[in-house]
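Asks: mmCIF, C-alpha atoms (C1' of nucleotides), saved as run.cif, coming up:
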data_work
#
loop_
_atom_site.label_atom_id
_atom_site.label_comp_id
_atom_site.auth_asym_id
_atom_site.auth_seq_id
_atom_site.Cartn_x
_atom_site.Cartn_y
_atom_site.Cartn_z
CA MET A 2 -13.31 -3.16 4.03
CA GLU A 3 -10.70 -0.63 2.99
CA ASP A 4 -12.95 2.24 2.03
CA GLU A 5 -11.71 2.97 -1.47
CA ARG A 6 -12.56 -0.47 -2.79
CA ALA A 7 -16.10 -0.20 -1.53
CA LEU A 8 -16.37 3.29 -2.97
CA LEU A 9 -15.09 2.04 -6.28
CA LEU A 10 -17.55 -0.83 -6.53
CA LEU A 11 -20.51 1.23 -5.35
CA GLY A 12 -19.64 4.02 -7.73
CA ILE A 13 -19.64 1.67 -10.67
CA LEU A 14 -22.77 -0.22 -9.68
CA ARG A 15 -24.50 3.08 -9.15
CA ARG A 16 -24.21 3.77 -12.86
CA GLN A 17 -24.93 0.26 -14.03
CA ASP A 18 -26.08 -3.04 -12.63
CA MET A 19 -23.38 -5.59 -13.24
CA HIS A 20 -22.24 -9.08 -12.38
CA GLY A 21 -18.91 -9.79 -10.72
CA TYR A 22 -17.06 -10.94 -13.77
CA ARG A 23 -17.96 -7.83 -15.79
CA LEU A 24 -17.21 -5.61 -12.86
CA HIS A 25 -13.73 -7.00 -12.49
CA GLU A 26 -13.19 -6.83 -16.20
CA PHE A 27 -14.33 -3.23 -16.26
CA ILE A 28 -11.99 -2.18 -13.49
CA ASP A 29 -9.10 -4.14 -14.91
CA THR A 30 -9.34 -2.59 -18.34
CA ASN A 31 -10.67 0.91 -17.61
CA LEU A 32 -9.53 1.74 -14.11
CA ALA A 33 -6.32 -0.21 -13.72
CA VAL A 34 -4.53 3.11 -13.13
CA CYS A 35 -6.32 3.82 -9.90
CA ALA A 36 -7.19 0.41 -8.51
CA ASP A 37 -6.02 -3.13 -8.85
CA LEU A 38 -8.34 -5.71 -7.43
CA LYS A 39 -8.21 -9.36 -8.30
CA LYS A 40 -11.14 -11.44 -9.38
CA ALA A 41 -11.35 -13.33 -6.10
CA THR A 42 -11.30 -10.06 -4.20
CA ALA A 43 -14.10 -8.61 -6.30
CA TYR A 44 -16.34 -11.59 -5.64
CA PHE A 45 -15.44 -11.53 -1.99
CA LEU A 46 -16.25 -7.85 -1.61
CA LEU A 47 -19.53 -8.16 -3.48
CA ASP A 48 -20.52 -10.92 -1.09
CA LYS A 49 -19.64 -8.77 1.87
CA MET A 50 -21.45 -5.75 0.53
CA ALA A 51 -24.52 -7.88 -0.10
CA ALA A 52 -24.32 -9.10 3.50
CA GLU A 53 -24.21 -5.48 4.67
CA GLY A 54 -27.20 -4.65 2.55
CA TRP A 55 -25.37 -2.22 0.29
CA VAL A 56 -26.15 -4.24 -2.82
CA SER A 57 -28.70 -6.84 -3.81
CA TYR A 58 -28.46 -9.29 -6.65
CA GLU A 59 -30.66 -11.16 -9.01
CA GLN A 60 -29.70 -14.55 -10.32
CA VAL A 61 -29.85 -14.52 -14.12
CA GLN A 62 -29.59 -17.66 -16.22
CA GLU A 63 -29.05 -17.52 -19.97
CA GLY A 64 -29.38 -20.86 -21.69
CA ASN A 65 -27.12 -23.33 -20.01
CA ARG A 66 -24.32 -20.90 -19.18
CA PRO A 67 -23.15 -20.45 -15.65
CA PRO A 68 -25.73 -18.26 -13.91
CA ARG A 69 -24.76 -14.65 -13.35
CA ARG A 70 -25.38 -12.70 -10.19
CA VAL A 71 -26.35 -9.27 -11.36
CA TYR A 72 -25.72 -6.79 -8.58
CA ARG A 73 -27.69 -3.62 -7.98
CA ILE A 74 -27.01 -0.89 -5.46
CA THR A 75 -29.60 -0.53 -2.66
CA PRO A 76 -30.73 2.69 -0.92
CA ALA A 77 -28.41 1.80 1.97
CA GLY A 78 -25.63 1.35 -0.55
CA GLU A 79 -26.40 4.74 -2.07
CA GLN A 80 -26.14 6.27 1.38
CA ALA A 81 -22.82 4.55 1.94
CA PHE A 82 -21.61 5.84 -1.42
CA GLN A 83 -22.55 9.40 -0.54
CA ARG A 84 -20.70 9.11 2.73
CA LEU A 85 -17.64 7.42 1.28
CA ILE A 86 -17.14 9.76 -1.63
CA ARG A 87 -17.35 12.80 0.63
CA ALA A 88 -14.84 11.27 3.02
CA ASN A 89 -12.53 10.38 0.13
CA LEU A 90 -12.64 13.76 -1.57
CA ALA A 91 -12.18 15.73 1.64
CA THR A 92 -9.23 13.72 2.89
CA TYR A 93 -5.57 13.52 2.02
CA ALA A 94 -3.71 10.29 2.74
CA SER A 95 0.04 10.82 2.90
CA MET A 96 2.02 8.37 0.83
CA ARG A 97 5.11 6.29 1.36
CA PHE A 98 7.33 5.50 -1.58
CA PRO A 99 8.94 2.08 -1.61
CA GLY A 100 11.75 3.56 -3.65
CA ASP A 101 12.70 5.87 -0.79
CA VAL A 102 14.08 3.06 1.32
CA GLY A 103 16.85 2.61 -1.20
CA LEU A 104 17.61 6.33 -1.16
CA ALA A 105 18.07 6.16 2.60
CA PHE A 106 21.13 3.99 2.03
CA LEU A 107 22.44 5.68 -1.10
CA ASP A 108 25.66 6.60 0.66
CA ASP A 109 26.49 2.96 1.21
CA LEU A 110 27.15 2.43 -2.49
CA LYS A 111 29.95 3.80 -4.62
CA PRO A 112 28.59 6.99 -6.25
CA THR A 113 29.28 5.67 -9.75
CA GLU A 114 27.25 2.55 -9.16
CA ALA A 115 24.50 4.47 -7.42
CA VAL A 116 24.18 6.72 -10.45
CA HIS A 117 24.13 3.72 -12.75
CA LEU A 118 21.29 2.11 -10.80
CA LEU A 119 19.30 5.32 -10.55
CA ARG A 120 19.55 5.73 -14.29
CA GLN A 121 17.93 2.33 -14.63
CA ARG A 122 15.13 3.53 -12.38
CA ARG A 123 14.82 6.60 -14.54
CA ALA A 124 14.45 4.50 -17.67
CA ALA A 125 11.71 2.47 -16.02
CA MET A 126 9.87 5.65 -15.13
CA LEU A 127 10.19 6.92 -18.66
CA ASP A 128 8.70 3.68 -19.91
CA ALA A 129 5.77 4.06 -17.55
CA LEU A 130 5.27 7.63 -18.74
CA THR A 131 5.21 6.77 -22.42
CA ALA A 132 2.89 3.87 -21.70
CA LEU A 133 0.50 6.38 -20.14
CA GLN A 134 0.69 8.75 -23.10
CA SER A 135 -0.12 5.99 -25.56
CA ALA A 136 -3.31 5.02 -23.74
CA PRO A 137 -5.64 6.31 -26.44
CA GLU A 138 -8.35 8.53 -25.00
CA HIS A 139 -9.35 6.35 -22.13
CA ALA A 140 -13.00 6.20 -21.13
CA GLY A 141 -13.90 9.74 -20.09
CA THR A 142 -14.25 8.84 -16.43
CA ALA A 143 -10.63 7.89 -15.97
CA GLN A 144 -9.22 10.82 -17.92
CA LEU A 145 -8.57 12.85 -14.78
CA ILE A 146 -6.76 10.01 -13.11
CA ILE A 147 -4.48 9.36 -16.04
CA GLU A 148 -3.65 13.04 -16.10
CA HIS A 149 -2.85 12.82 -12.40
CA GLN A 150 -0.58 9.87 -12.94
CA ARG A 151 1.15 11.73 -15.75
CA ARG A 152 1.75 14.72 -13.55
CA HIS A 153 3.02 12.58 -10.74
CA LEU A 154 5.47 10.77 -12.97
CA ALA A 155 6.74 14.04 -14.39
CA ALA A 156 7.40 15.33 -10.88
CA GLU A 157 9.11 12.11 -9.90
CA LEU A 158 11.36 12.33 -12.94
CA ASP A 159 12.35 15.87 -12.00
CA TRP A 160 13.11 14.73 -8.51
CA LEU A 161 15.11 11.72 -9.59
CA ASP A 162 17.16 13.86 -11.94
CA GLU A 163 18.09 16.09 -9.07
CA VAL A 164 19.07 13.15 -6.91
CA ILE A 165 21.26 11.83 -9.69
CA ALA A 166 22.82 15.24 -10.16
CA ARG A 167 23.62 15.43 -6.46
CA VAL A 168 25.23 12.02 -6.40
CA GLU A 169 27.27 12.91 -9.47
CA ALA A 170 28.42 16.10 -7.80
CA LYS A 171 29.56 14.14 -4.79
CA SER A 172 31.26 11.63 -7.04
CA ARG A 173 33.27 14.41 -8.71
CA LYS A 174 34.25 15.81 -5.36
CA THR A 175 35.40 12.41 -4.16
CA ARG A 176 37.52 11.85 -7.23
CA SER A 177 39.13 15.29 -7.10
CA SER A 178 39.88 14.99 -3.39
CA GLY A 179 41.47 11.68 -4.29
CA ARG A 180 43.80 13.59 -6.59
CA ARG A 181 44.62 15.98 -3.71
CA ALA A 182 43.51 19.46 -4.71
CA SER A 183 43.83 19.11 -8.45
CA SER A 184 42.17 22.48 -9.05
CA PRO A 185 42.98 25.53 -6.86
CA MET B 19 8.97 -10.65 3.11
CA GLU B 20 8.07 -7.47 1.26
CA ASP B 21 11.52 -6.46 0.15
CA GLU B 22 11.65 -2.87 1.37
CA ARG B 23 11.13 -3.80 5.00
CA ALA B 24 13.98 -6.28 4.90
CA LEU B 25 16.16 -3.73 3.12
CA LEU B 26 15.32 -1.16 5.75
CA LEU B 27 16.18 -3.40 8.68
CA LEU B 28 19.33 -4.74 7.11
CA GLY B 29 20.45 -1.26 6.16
CA ILE B 30 20.12 -0.07 9.72
CA LEU B 31 21.69 -3.13 11.32
CA ARG B 32 24.53 -2.83 8.88
CA ARG B 33 25.52 0.44 10.48
CA GLN B 34 24.87 -0.57 14.05
CA ASP B 35 23.99 -3.65 16.04
CA MET B 36 20.67 -3.07 17.73
CA HIS B 37 17.90 -4.77 19.63
CA GLY B 38 14.32 -4.82 18.42
CA TYR B 39 12.99 -2.12 20.68
CA ARG B 40 15.69 0.39 19.68
CA LEU B 41 15.30 -0.52 16.05
CA HIS B 42 11.60 0.17 16.08
CA GLU B 43 12.14 3.36 18.02
CA PHE B 44 14.76 4.48 15.54
CA ILE B 45 12.54 3.89 12.54
CA ASP B 46 9.55 5.45 14.21
CA THR B 47 11.33 8.66 15.08
CA ASN B 48 13.86 9.04 12.26
CA LEU B 49 12.38 7.26 9.28
CA ALA B 50 8.63 7.58 9.79
CA VAL B 51 8.43 9.42 6.46
CA CYS B 52 9.50 6.44 4.42
CA ALA B 53 8.36 3.44 6.44
CA ASP B 54 5.84 2.67 9.10
CA LEU B 55 6.32 -0.63 10.81
CA LYS B 56 4.80 -1.50 14.14
CA LYS B 57 6.60 -2.97 17.08
CA ALA B 58 5.11 -6.41 16.64
CA THR B 59 6.07 -6.40 12.99
CA ALA B 60 9.64 -5.43 13.77
CA TYR B 61 10.03 -8.32 16.21
CA PHE B 62 8.38 -10.67 13.77
CA LEU B 63 10.64 -9.68 10.89
CA LEU B 64 13.78 -9.90 13.03
CA ASP B 65 12.76 -13.43 13.97
CA LYS B 66 12.26 -14.34 10.35
CA MET B 67 15.50 -12.80 9.24
CA ALA B 68 17.31 -14.68 11.98
CA ALA B 69 15.69 -17.89 10.74
CA GLU B 70 16.94 -17.11 7.24
CA GLY B 71 20.41 -16.50 8.56
CA TRP B 72 20.52 -12.84 7.59
CA VAL B 73 21.05 -11.73 11.17
CA SER B 74 22.28 -13.32 14.35
CA TYR B 75 21.68 -12.11 17.87
CA GLU B 76 23.29 -12.17 21.22
CA GLN B 77 21.26 -12.22 24.41
CA VAL B 78 22.37 -9.38 26.65
CA GLN B 79 21.23 -9.02 30.25
CA GLU B 80 21.80 -5.87 32.23
CA GLY B 81 21.04 -6.18 35.92
CA ASN B 82 17.57 -7.56 36.34
CA ARG B 83 16.00 -5.79 33.34
CA PRO B 84 14.34 -7.74 30.59
CA PRO B 85 17.09 -9.28 28.44
CA ARG B 86 17.77 -7.68 25.10
CA ARG B 87 18.41 -9.51 21.87
CA VAL B 88 21.08 -7.52 20.15
CA TYR B 89 20.97 -8.27 16.44
CA ARG B 90 23.93 -8.20 14.13
CA ILE B 91 23.96 -8.62 10.36
CA THR B 92 25.64 -11.78 9.04
CA PRO B 93 27.63 -12.19 5.82
CA ALA B 94 24.53 -13.73 4.22
CA GLY B 95 22.58 -10.70 5.40
CA GLU B 96 25.17 -8.39 3.88
CA GLN B 97 24.79 -10.22 0.59
CA ALA B 98 21.02 -9.89 0.79
CA PHE B 99 21.41 -6.18 1.51
CA GLN B 100 23.63 -5.70 -1.52
CA ARG B 101 21.11 -7.48 -3.69
CA LEU B 102 18.07 -5.70 -2.26
CA ILE B 103 19.44 -2.20 -2.45
CA ARG B 104 20.43 -2.66 -6.06
CA ALA B 105 17.00 -4.02 -6.93
CA ASN B 106 15.34 -1.16 -5.08
CA LEU B 107 17.39 1.61 -6.65
CA ALA B 108 17.12 0.26 -10.17
CA THR B 109 13.36 -0.25 -10.08
CA TYR B 110 10.36 2.00 -10.28
CA ALA B 111 7.13 0.85 -8.67
CA SER B 112 4.11 2.66 -10.08
CA MET B 113 1.80 4.06 -7.44
CA ARG B 114 -1.91 4.10 -6.88
CA PHE B 115 -3.47 7.04 -5.09
CA PRO B 116 -6.39 6.26 -2.83
CA GLY B 117 -7.63 9.77 -3.46
CA ASP B 118 -8.08 9.03 -7.16
CA VAL B 119 -11.07 6.78 -6.59
CA GLY B 120 -13.04 9.76 -5.43
CA LEU B 121 -11.99 11.76 -8.49
CA ALA B 122 -13.36 9.00 -10.70
CA PHE B 123 -16.82 9.87 -9.45
CA LEU B 124 -16.43 13.62 -9.20
CA ASP B 125 -19.20 14.16 -11.73
CA ASP B 126 -21.69 12.47 -9.45
CA LEU B 127 -21.61 15.39 -7.02
CA LYS B 128 -22.87 18.91 -7.48
CA PRO B 129 -19.87 20.97 -8.62
CA THR B 130 -20.23 23.38 -5.72
CA GLU B 131 -20.06 20.60 -3.16
CA ALA B 132 -17.23 18.88 -5.01
CA VAL B 133 -15.20 22.08 -4.85
CA HIS B 134 -15.98 22.47 -1.17
CA LEU B 135 -14.75 18.96 -0.40
CA LEU B 136 -11.64 19.30 -2.53
CA ARG B 137 -10.75 22.47 -0.67
CA GLN B 138 -10.84 20.47 2.52
CA ARG B 139 -8.45 17.99 0.96
CA ARG B 140 -6.26 20.90 -0.06
CA ALA B 141 -6.15 22.18 3.50
CA ALA B 142 -5.13 18.75 4.75
CA MET B 143 -2.32 18.66 2.21
CA LEU B 144 -1.16 22.09 3.26
CA ASP B 145 -1.05 20.91 6.86
CA ALA B 146 1.06 17.93 5.86
CA LEU B 147 3.41 20.22 3.95
CA THR B 148 3.95 22.65 6.80
CA ALA B 149 4.45 19.72 9.17
CA LEU B 150 7.28 18.57 6.89
CA GLN B 151 8.91 21.99 6.77
CA SER B 152 8.94 22.27 10.54
CA ALA B 153 10.81 18.98 10.99
CA PRO B 154 14.05 20.59 12.13
CA GLU B 155 17.06 19.22 10.26
CA HIS B 156 16.25 15.56 10.49
CA ALA B 157 19.07 13.09 10.87
CA GLY B 158 21.18 13.48 7.72
CA THR B 159 20.18 10.11 6.34
CA ALA B 160 16.53 10.97 5.92
CA GLN B 161 17.12 14.42 4.50
CA LEU B 162 16.71 13.21 0.93
CA ILE B 163 13.46 11.49 1.68
CA ILE B 164 11.92 14.48 3.37
CA GLU B 165 12.89 16.56 0.37
CA HIS B 166 11.21 13.98 -1.85
CA GLN B 167 8.06 14.10 0.21
CA ARG B 168 8.10 17.89 0.02
CA ARG B 169 8.40 17.81 -3.74
CA HIS B 170 5.66 15.26 -4.05
CA LEU B 171 3.30 17.29 -1.92
CA ALA B 172 4.02 20.42 -3.91
CA ALA B 173 3.20 18.61 -7.14
CA GLU B 174 0.03 17.19 -5.65
CA LEU B 175 -1.05 20.65 -4.57
CA ASP B 176 -0.52 21.98 -8.07
CA TRP B 177 -2.53 19.12 -9.47
CA LEU B 178 -5.36 19.51 -6.99
CA ASP B 179 -5.57 23.22 -7.75
CA GLU B 180 -6.04 22.44 -11.39
CA VAL B 181 -8.75 19.90 -10.64
CA ILE B 182 -10.54 22.46 -8.51
CA ALA B 183 -10.22 25.06 -11.24
CA ARG B 184 -11.71 22.67 -13.78
CA VAL B 185 -14.66 21.81 -11.58
CA GLU B 186 -15.25 25.50 -10.94
CA ALA B 187 -15.19 26.18 -14.66
CA LYS B 188 -17.77 23.49 -15.21
CA SER B 189 -19.83 24.88 -12.36
CA ARG B 190 -19.90 28.32 -13.99
CA LYS B 191 -20.90 26.82 -17.31
CA THR B 192 -23.72 24.85 -15.69
CA ARG B 193 -25.08 27.91 -13.96
CA SER B 194 -24.96 30.08 -17.05
CA SER B 195 -26.60 27.44 -19.22
CA GLY B 196 -29.27 27.32 -16.48
CA ARG B 197 -29.89 31.02 -17.17
CA ARG B 198 -30.19 30.23 -20.89
CA ALA B 199 -27.38 32.00 -22.69
CA SER B 200 -26.99 34.90 -20.29
CA SER B 201 -23.86 36.10 -22.08
CA PRO B 202 -23.66 36.13 -25.90
"C1'" DG C 291 3.36 3.52 45.49
"C1'" DG C 292 1.59 4.43 41.00
"C1'" DG C 293 2.37 5.13 36.48
"C1'" DC C 294 5.52 5.54 32.66
"C1'" DG C 295 9.36 3.73 29.89
"C1'" DC C 296 11.97 -0.27 28.66
"C1'" DA C 297 11.85 -4.84 26.45
"C1'" DT C 298 9.87 -8.83 24.65
"C1'" DG C 299 6.55 -11.58 22.86
"C1'" DT C 300 1.84 -14.22 21.56
"C1'" DA C 301 -2.90 -14.72 19.73
"C1'" DA C 302 -6.50 -13.15 17.07
"C1'" DT C 303 -7.99 -10.71 13.26
"C1'" DG C 304 -8.17 -8.62 8.79
"C1'" DA C 305 -7.35 -7.82 4.09
"C1'" DG C 306 -5.89 -9.50 0.03
"C1'" DT C 307 -3.68 -12.79 -3.12
"C1'" DT C 308 -2.65 -17.40 -5.24
"C1'" DA C 309 -3.91 -21.34 -6.79
"C1'" DC C 310 -7.21 -24.33 -7.70
"C1'" DA C 311 -11.93 -26.42 -9.13
"C1'" DT C 312 -15.93 -26.40 -11.99
"C1'" DG C 313 -18.43 -26.40 -16.23
"C1'" DA C 314 -20.57 -24.40 -20.30
"C1'" DT C 315 -19.82 -21.93 -24.82
"C1'" DT C 316 -17.36 -20.32 -28.75
"C1'" DG C 317 -14.09 -20.19 -32.36
"C1'" DA C 318 -9.97 -22.08 -34.93
"C1'" DT D 177 -11.40 -31.32 -30.78
"C1'" DC D 178 -8.71 -28.27 -28.25
"C1'" DA D 179 -8.00 -24.02 -26.38
"C1'" DA D 180 -9.77 -19.75 -24.84
"C1'" DT D 181 -13.37 -17.05 -22.79
"C1'" DC D 182 -17.18 -16.74 -19.69
"C1'" DA D 183 -18.64 -17.12 -14.86
"C1'" DT D 184 -18.37 -18.35 -10.18
"C1'" DG D 185 -16.43 -19.68 -6.20
"C1'" DT D 186 -13.32 -22.01 -2.25
"C1'" DA D 187 -9.15 -23.06 0.49
"C1'" DA D 188 -4.75 -22.08 1.80
"C1'" DC D 189 -1.59 -18.74 2.59
"C1'" DT D 190 0.99 -14.29 3.42
"C1'" DC D 191 1.59 -10.17 5.46
"C1'" DA D 192 0.76 -6.86 8.69
"C1'" DT D 193 -1.88 -4.94 12.50
"C1'" DT D 194 -4.36 -4.87 17.04
"C1'" DA D 195 -4.72 -6.05 21.34
"C1'" DC D 196 -3.10 -8.27 24.97
"C1'" DA D 197 0.36 -10.25 28.56
"C1'" DT D 198 4.49 -9.90 31.22
"C1'" DG D 199 7.77 -7.80 34.33
"C1'" DC D 200 11.55 -4.84 35.84
"C1'" DG D 201 13.40 -0.05 36.78
"C1'" DC D 202 12.91 4.74 37.54
"C1'" DC D 203 11.07 9.03 38.94
"C1'" DC D 204 7.78 12.01 41.22
#
Please go through the file and, once you have read it, give me the structure as structure tokens.

Replies:
Amino acid sequence: MEDERALLLLGILRRQDMHGYRLHEFIDTNLAVCADLKKATAYFLLDKMAAEGWVSYEQVQEGNRPPRRVYRITPAGEQAFQRLIRANLATYASMRFPGDVGLAFLDDLKPTEAVHLLRQRRAAMLDALTALQSAPEHAGTAQLIIEHQRRHLAAELDWLDEVIARVEAKSRKTRSSGRRASSP
Amino acid sequence: MEDERALLLLGILRRQDMHGYRLHEFIDTNLAVCADLKKATAYFLLDKMAAEGWVSYEQVQEGNRPPRRVYRITPAGEQAFQRLIRANLATYASMRFPGDVGLAFLDDLKPTEAVHLLRQRRAAMLDALTALQSAPEHAGTAQLIIEHQRRHLAAELDWLDEVIARVEAKSRKTRSSGRRASSP
DNA sequence: GGGCGCATGTAATGAGTTACATGATTGA
DNA sequence: TCAATCATGTAACTCATTACATGCGCCC
């Protein structure tokens, strides 16, 4: 079930009974930084968790609106939560960066163009960073995670700047060797 | 096709014709840091890329061994590579950290246990870091990416240490408020 | 001669997303 | 009245992984 998703849902339901639509809405607006699950997926997972006995639900009808399934965590679900959160906190999952694939072939581009492209990447990262800053005092829960994201982005910017600097250095060398020992 | 994988394969084939087995082997030993694709996936993708006309292959038989399909990039593949690498370098894909889900529910554990678990995570990260250091002068190509990974891990360690410190601070406060204003 | 490495592939499964279908309510 | 929001769900599809099947060569 991809542990984190289950942990996420259980953790939320543990604090508040909720129906699928609200749950998805909540994650999408408050926890988008740390998880992105689509509506269909949320419903699907709730179904599965109900089948496993981690949650139960009560059908609630208000007027003639579509009935809502209000989910509640069960004792088995609480147990699962306790297990999952411990596993999550104690573990480190190493990451792969999609952007690294490009770096692997950096040498196959002209240095000047490489630098140009990397500067575009840099601008995109800067945008992401300022977008984070402007998020106005997000719901207390997610504060830590936003801070984490901020830190990560800052480190990535540092790193990217160094990569750019290296490519520029190489570019200068190439040009000067083209001019055949211009400086002694 | 999940752009990075295609970029990866094209980038390698661009430098050298290769059959699927070698290709997978190469990625697995030299580029494991930045991509993890299984044998079956490699074969599957090569098939698809051949269908799209990005690569062609030549059946090579040596003695009575199983025949090898030696893939070669086509002009269309070269074009795709040029497009993909530019897109990759110019773009930043924001990341989600699986470990953040646990942090979202940190408050639901006793601070002492939370700290204990986070220290385990820290140890795992340290292991990963030393494993990186010991990789002895990896094939020049991947040098950048290993450096990136190293940087990332260092930043993550810093971050985790701060999280631990915060939880410990809260833990002290909790205990002292339990003793009812022990210090003025 | 028994097991590992080379070399390819298929079938089944899983996880998640897209796109669609439904139907009531609410607000412009 | 027309669109948007609320609320649920299904079906089709993609992508990748697991597990399996095959068969030769090589070395101990």

Asks: Run the PyMOL selection byres ((chain C) within 9 of (chain B)) mentally over the shown coordinates, then write out the matched residues as a list in words, using the chain letters and numbers from the document.

Replies: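 This file, filtered by the PyMOL selection byres ((chain C) within 9 of (chain B)), leaves DC296, DA297, DT298 and DG299 of chain C.
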
Asks: Could you please select, counting all atoms listed in the file, the residues of chain B within 7 Å of chain A and state them as a ChimeraX atom specification?

Replies: /B:22,26,29,51-53,103-104,106-110,114-120,122-123,135-136,138-139,142-143,159-160,163,166,173,177

Asks: Please indicate the distance in Å from atom CA of B:Pro129 to atom CA of A:Thr30, rounded to one decimal place.

Replies: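 Spanning atom CA of B:Pro129 to atom CA of A:Thr30 is a straight-line distance of 27.6 Å.
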
Asks: Pull out every residue that the PyMOL selection byres ((chain D) within 12 of (chain B)) matches in the shown coordinates and put them as a ChimeraX atom specification.

Replies: /D:190-196,198-202

Asks: Give me the residues near C:DG317 as a list of chain:residue names, where near means some atom within 12 Å (using all atoms listed in the file) and where sequence neighbours in that chain fewer than 2 positions away do not count.

Replies: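 With the cut-off at 12 Å, the set is C:DT315, D:DT177, D:DC178, D:DA179, D:DA180, D:DT181.
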
Asks: Quick one: which residues end up in the PyMOL selection byres ((chain D and resi 203) around 12) for this structure, as a list in words?

Replies: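 Residues picked by the PyMOL selection byres ((chain D and resi 203) around 12): DG291, DG292, DG293, DC294 and DG295 of chain C; DG201, DC202 and DC204 of chain D.
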